[in-house]
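Inspection log for the structure reproduced underneath, given as structure tokens.
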Amino acid sequence: NAGVTQTPKFRVLKTGQSMTLLCAQDMNHEYMYWYRQDPGMGLRLIHYSVGEGTTAKGEVPDGYNVSRLKKQNFLLGLESAAPSQTSVYFCASTATGYGYTFGSGTRLTVV
Amino acid sequence: AQRVTQPEKLLSVFKGAPVELKCNYSYSGSPELFWYVQYSRQRLQLLLRHISRESIKGFTADLNKGETSFHLKKPFAQEEDSAMYYCASRGGGNKLTFGTGTQLKVEL
């Protein structure tokens with residue numbers, strides 16, 4: 001039982017490049033989330049999903065897109081990376097009545 | 001909109017001293033509140049949920065609806081308690097809203 005797995009763990013991008021972060025969970029959770037963590041700002045919700053095939057915007061969605069084609073996977077895409085997207089990205093999942101389970105994070109640097 | 005406030009960015013205490021990490025929330029309904037802990041560069045881990053009313057690693061937190069607070073307390077700090085602590089509130093869509101976090105440093 002791996003819980004929530006994020007890939008990659010580290011990545012350096014040049015401004016304007018694109019990439020996809022993958023989040024996979026094996027707990028059959030309905031809800032999945034993408035957060036970014038920045039110093040002094042805590043965790044801010046980017047996008048989330050309440051079930052397979054659904055997505056919704058969070059607090060800071062601009063510059064990101066997501067897809068939930070399979071229940072166990074939640075993908076976060078950056079179409080044209082900007083230095084302001086340098087951050088640590090955390091994926092999380094949950095089911096009703098449970099706390100969140102977090103992934104180990106992806107440290108992204110955009111130069 | 002939900003709001004979670006953690007007024008202290010950094011709290012420094014000596015080993016064996018009591019710890020209190022402050023958290024205030026604003027939510028019109030019945031809040032569901034949590035404390036998460038993040039050890040250096042690791043994933044966030046659930047520490048406490050207010051509905052379970054349990055004590056984990058010696059930490060407790062009581063929901064005070066009158067003061068809209070959910071402060072985290074421990075009577076005697078240990079060196080291994082040094083970490084970042086986040087208070088969070090769950091709302092619609094099972095979304096968690098986090099505070100900005102408090103870095104706890106336990107000094108010897």
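Chain labels A, B, ... are given in the sequence in which chains occur in the structure tokens; within each chain residues are numbered consecutively from 1, and ligands are likewise numbered from 1 in the order shown.
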
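Using only C-alpha atoms, the protein and nucleic acid residues lying no more than 12 Å from Arg53 of chain B, apart from those fewer than 2 places from it along its own chain, are Glu32, Leu33, Phe34, Trp35, Leu47, Leu48, Arg49, His50, Ile51, Ser55, Ile56, Phe59, Thr60, Ala61, Asp62, Leu63, Phe70 and Leu72 of chain B.
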
How would the residues just picked look written out with all heavy atoms as a short mmCIF file (atom, residue, chain, number, x, y, z; two decimals), in the first residue's frame?
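Output file out-v9.cif follows:
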data_model
loop_
_atom_site.label_atom_id
_atom_site.label_comp_id
_atom_site.auth_asym_id
_atom_site.auth_seq_id
_atom_site.Cartn_x
_atom_site.Cartn_y
_atom_site.Cartn_z
N GLU B 32 -14.76 21.72 10.63
CA GLU B 32 -14.00 20.51 10.89
C GLU B 32 -12.53 20.92 10.81
O GLU B 32 -12.07 21.34 9.76
CB GLU B 32 -14.30 19.42 9.87
CG GLU B 32 -13.66 18.10 10.23
CD GLU B 32 -14.00 16.98 9.28
OE1 GLU B 32 -14.73 17.22 8.30
OE2 GLU B 32 -13.54 15.85 9.51
N LEU B 33 -11.83 20.81 11.90
CA LEU B 33 -10.49 21.37 11.99
C LEU B 33 -9.44 20.30 12.23
O LEU B 33 -9.71 19.26 12.85
CB LEU B 33 -10.44 22.40 13.13
CG LEU B 33 -11.27 23.65 12.83
CD1 LEU B 33 -11.62 24.37 14.09
CD2 LEU B 33 -10.53 24.57 11.88
N PHE B 34 -8.26 20.59 11.70
CA PHE B 34 -7.16 19.65 11.73
C PHE B 34 -5.85 20.39 12.07
O PHE B 34 -5.73 21.58 11.83
CB PHE B 34 -6.94 19.01 10.34
CG PHE B 34 -8.14 18.31 9.79
CD1 PHE B 34 -9.15 19.01 9.16
CD2 PHE B 34 -8.23 16.93 9.86
CE1 PHE B 34 -10.25 18.35 8.63
CE2 PHE B 34 -9.32 16.26 9.32
CZ PHE B 34 -10.33 16.97 8.71
N TRP B 35 -4.91 19.62 12.58
CA TRP B 35 -3.52 20.04 12.65
C TRP B 35 -2.69 19.04 11.87
O TRP B 35 -2.83 17.81 12.06
CB TRP B 35 -3.02 20.09 14.10
CG TRP B 35 -3.37 21.37 14.80
CD1 TRP B 35 -4.40 21.58 15.66
CD2 TRP B 35 -2.68 22.62 14.70
NE1 TRP B 35 -4.39 22.88 16.10
CE2 TRP B 35 -3.34 23.54 15.53
CE3 TRP B 35 -1.54 23.04 13.99
CZ2 TRP B 35 -2.93 24.87 15.68
CZ3 TRP B 35 -1.14 24.36 14.13
CH2 TRP B 35 -1.82 25.25 14.96
N LEU B 47 -1.84 15.23 12.26
CA LEU B 47 -1.50 15.15 13.67
C LEU B 47 -2.77 14.96 14.51
O LEU B 47 -2.84 14.05 15.32
CB LEU B 47 -0.76 16.41 14.11
CG LEU B 47 -0.22 16.46 15.54
CD1 LEU B 47 0.79 15.36 15.77
CD2 LEU B 47 0.41 17.82 15.81
N LEU B 48 -3.75 15.83 14.28
CA LEU B 48 -4.98 15.78 15.08
C LEU B 48 -6.19 16.18 14.25
O LEU B 48 -6.08 17.03 13.37
CB LEU B 48 -4.91 16.75 16.26
CG LEU B 48 -4.04 16.41 17.46
CD1 LEU B 48 -4.03 17.58 18.42
CD2 LEU B 48 -4.56 15.16 18.15
N ARG B 49 -7.33 15.59 14.58
CA ARG B 49 -8.62 16.05 14.07
C ARG B 49 -9.47 16.41 15.27
O ARG B 49 -9.45 15.69 16.26
CB ARG B 49 -9.35 14.94 13.31
CG ARG B 49 -8.60 14.35 12.16
CD ARG B 49 -9.34 13.15 11.61
NE ARG B 49 -10.61 13.54 11.03
CZ ARG B 49 -11.49 12.67 10.54
NH1 ARG B 49 -11.24 11.38 10.60
NH2 ARG B 49 -12.62 13.08 10.01
N HIS B 50 -10.17 17.51 15.19
CA HIS B 50 -10.90 17.93 16.39
C HIS B 50 -12.00 16.96 16.75
O HIS B 50 -12.34 16.80 17.92
CB HIS B 50 -11.46 19.35 16.21
CG HIS B 50 -12.84 19.41 15.64
ND1 HIS B 50 -13.08 19.46 14.28
CD2 HIS B 50 -14.05 19.42 16.23
CE1 HIS B 50 -14.38 19.52 14.07
NE2 HIS B 50 -15.01 19.50 15.23
N ILE B 51 -12.57 16.25 15.77
CA ILE B 51 -13.69 15.37 16.08
C ILE B 51 -13.24 14.11 16.80
O ILE B 51 -14.04 13.45 17.45
CB ILE B 51 -14.49 15.00 14.82
CG1 ILE B 51 -13.58 14.31 13.79
CG2 ILE B 51 -15.14 16.23 14.21
CD1 ILE B 51 -14.34 13.79 12.59
N SER B 55 -5.14 12.38 21.69
CA SER B 55 -3.83 12.99 21.92
C SER B 55 -2.80 12.21 21.11
O SER B 55 -2.72 10.99 21.21
CB SER B 55 -3.48 12.96 23.40
OG SER B 55 -2.17 13.41 23.61
N ILE B 56 -2.06 12.91 20.27
CA ILE B 56 -1.03 12.28 19.45
C ILE B 56 0.31 12.90 19.80
O ILE B 56 0.45 14.12 19.82
CB ILE B 56 -1.30 12.50 17.95
CG1 ILE B 56 -2.69 11.99 17.57
CG2 ILE B 56 -0.23 11.82 17.11
CD1 ILE B 56 -2.86 10.50 17.66
N PHE B 59 0.39 15.87 22.00
CA PHE B 59 -0.30 17.09 21.58
C PHE B 59 -1.81 16.94 21.74
O PHE B 59 -2.36 15.87 21.48
CB PHE B 59 -0.01 17.43 20.11
CG PHE B 59 1.35 17.99 19.86
CD1 PHE B 59 2.39 17.17 19.43
CD2 PHE B 59 1.61 19.33 20.05
CE1 PHE B 59 3.64 17.68 19.19
CE2 PHE B 59 2.87 19.86 19.80
CZ PHE B 59 3.89 19.04 19.37
N THR B 60 -2.46 18.01 22.14
CA THR B 60 -3.91 18.07 22.19
C THR B 60 -4.36 19.40 21.60
O THR B 60 -3.59 20.36 21.53
CB THR B 60 -4.45 17.96 23.62
OG1 THR B 60 -3.90 19.03 24.41
CG2 THR B 60 -4.09 16.62 24.25
N ALA B 61 -5.62 19.43 21.17
CA ALA B 61 -6.19 20.68 20.65
C ALA B 61 -7.67 20.67 20.95
O ALA B 61 -8.34 19.67 20.70
CB ALA B 61 -5.95 20.82 19.15
N ASP B 62 -8.16 21.75 21.49
CA ASP B 62 -9.58 21.86 21.82
C ASP B 62 -10.22 22.93 20.96
O ASP B 62 -9.69 24.04 20.82
CB ASP B 62 -9.77 22.22 23.29
CG ASP B 62 -9.39 21.07 24.20
OD1 ASP B 62 -9.75 19.92 23.86
OD2 ASP B 62 -8.73 21.31 25.22
N LEU B 63 -11.38 22.59 20.40
CA LEU B 63 -12.12 23.55 19.60
C LEU B 63 -12.90 24.48 20.53
O LEU B 63 -13.68 24.02 21.36
CB LEU B 63 -13.08 22.81 18.68
CG LEU B 63 -13.98 23.67 17.80
CD1 LEU B 63 -13.15 24.53 16.86
CD2 LEU B 63 -14.96 22.80 17.02
N PHE B 70 -8.57 26.96 17.70
CA PHE B 70 -8.24 25.53 17.75
C PHE B 70 -6.73 25.46 18.02
O PHE B 70 -5.96 25.01 17.20
CB PHE B 70 -8.63 24.86 16.44
CG PHE B 70 -8.51 23.36 16.44
CD1 PHE B 70 -9.15 22.58 17.40
CD2 PHE B 70 -7.76 22.71 15.46
CE1 PHE B 70 -9.05 21.20 17.39
CE2 PHE B 70 -7.65 21.33 15.44
CZ PHE B 70 -8.30 20.58 16.41
N LEU B 72 -3.12 24.40 19.41
CA LEU B 72 -2.42 23.13 19.63
C LEU B 72 -1.52 23.28 20.85
O LEU B 72 -0.75 24.24 20.94
CB LEU B 72 -1.58 22.78 18.39
CG LEU B 72 -0.85 21.44 18.41
CD1 LEU B 72 -1.86 20.29 18.36
CD2 LEU B 72 0.11 21.35 17.24
#

Q: Dump as number ranges by chain the residues of chain B that approach chain A to within 12 Å, counting only C-alpha atoms.
A: B: 1-10, 32-52, 84-103

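Among A:Ser84, A:Gln72, A:Glu52, A:Ser67, the residue with the shortest atom-to-atom distance to Thr20 of chain A, counting only C-alpha atoms, is A:Ser67.
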
List every residue of chain A that DSSP, applied to the backbone of this structure, assigns to strand (DSSP E), and report them as a compact mmCIF listing (two decimals) with C-alpha atoms, in the first residue's frame.
# COMPACT_ATOMS: atom_id res chain seq x y z
CA VAL A 4 -0.07 8.80 -2.56
CA THR A 5 2.84 8.79 -4.99
CA GLN A 6 4.08 11.85 -6.85
CA THR A 7 6.42 11.90 -9.83
CA PHE A 10 12.52 17.23 -8.58
CA ARG A 11 12.49 19.14 -11.84
CA VAL A 12 14.14 22.20 -13.32
CA LEU A 13 12.37 23.87 -16.24
CA MET A 19 5.52 19.61 -18.02
CA THR A 20 3.09 17.28 -16.29
CA LEU A 21 3.17 16.23 -12.66
CA LEU A 22 1.61 12.88 -11.88
CA CYS A 23 -0.19 11.95 -8.69
CA ALA A 24 -1.31 8.38 -8.09
CA GLN A 25 -3.22 6.98 -5.11
CA TYR A 31 -11.25 13.33 -3.79
CA MET A 32 -7.86 14.49 -5.03
CA TYR A 33 -6.11 17.84 -4.75
CA TRP A 34 -3.09 19.78 -5.94
CA TYR A 35 -1.53 22.35 -3.63
CA ARG A 36 1.51 24.56 -3.93
CA GLN A 37 3.62 25.40 -0.90
CA ASP A 38 5.52 28.68 -0.77
CA GLY A 42 1.26 28.00 3.59
CA LEU A 43 -0.44 25.64 1.18
CA ARG A 44 -2.70 27.05 -1.48
CA LEU A 45 -5.16 24.97 -3.47
CA ILE A 46 -4.57 24.96 -7.23
CA HIS A 47 -7.19 22.53 -8.55
CA TYR A 48 -9.14 19.65 -7.14
CA SER A 49 -11.36 16.76 -8.18
CA ALA A 56 -12.59 22.27 -10.34
CA LYS A 57 -10.56 25.40 -9.73
CA TYR A 64 -2.24 25.26 -14.50
CA ASN A 65 -4.52 22.60 -15.95
CA VAL A 66 -5.56 19.24 -14.54
CA SER A 67 -7.14 15.99 -15.62
CA ASN A 73 -4.59 9.45 -11.05
CA PHE A 74 -4.64 13.23 -10.95
CA LEU A 75 -2.38 15.08 -13.38
CA LEU A 76 -1.22 18.68 -13.04
CA GLY A 77 0.01 20.40 -16.19
CA LEU A 78 2.01 23.55 -16.73
CA SER A 87 7.37 26.02 -5.74
CA VAL A 88 6.88 22.73 -3.98
CA TYR A 89 3.78 20.95 -5.25
CA PHE A 90 1.84 18.54 -3.07
CA CYS A 91 -0.86 16.17 -4.12
CA ALA A 92 -3.38 14.84 -1.61
CA SER A 93 -6.36 12.53 -1.56
CA THR A 94 -9.19 11.79 0.81
CA THR A 101 -3.13 11.71 2.74
CA PHE A 102 -0.33 13.70 1.14
CA THR A 106 7.59 17.75 -6.22
CA ARG A 107 10.18 20.49 -6.00
CA LEU A 108 9.95 22.54 -9.21
CA THR A 109 12.34 25.30 -10.20
CA VAL A 110 11.64 27.47 -13.24
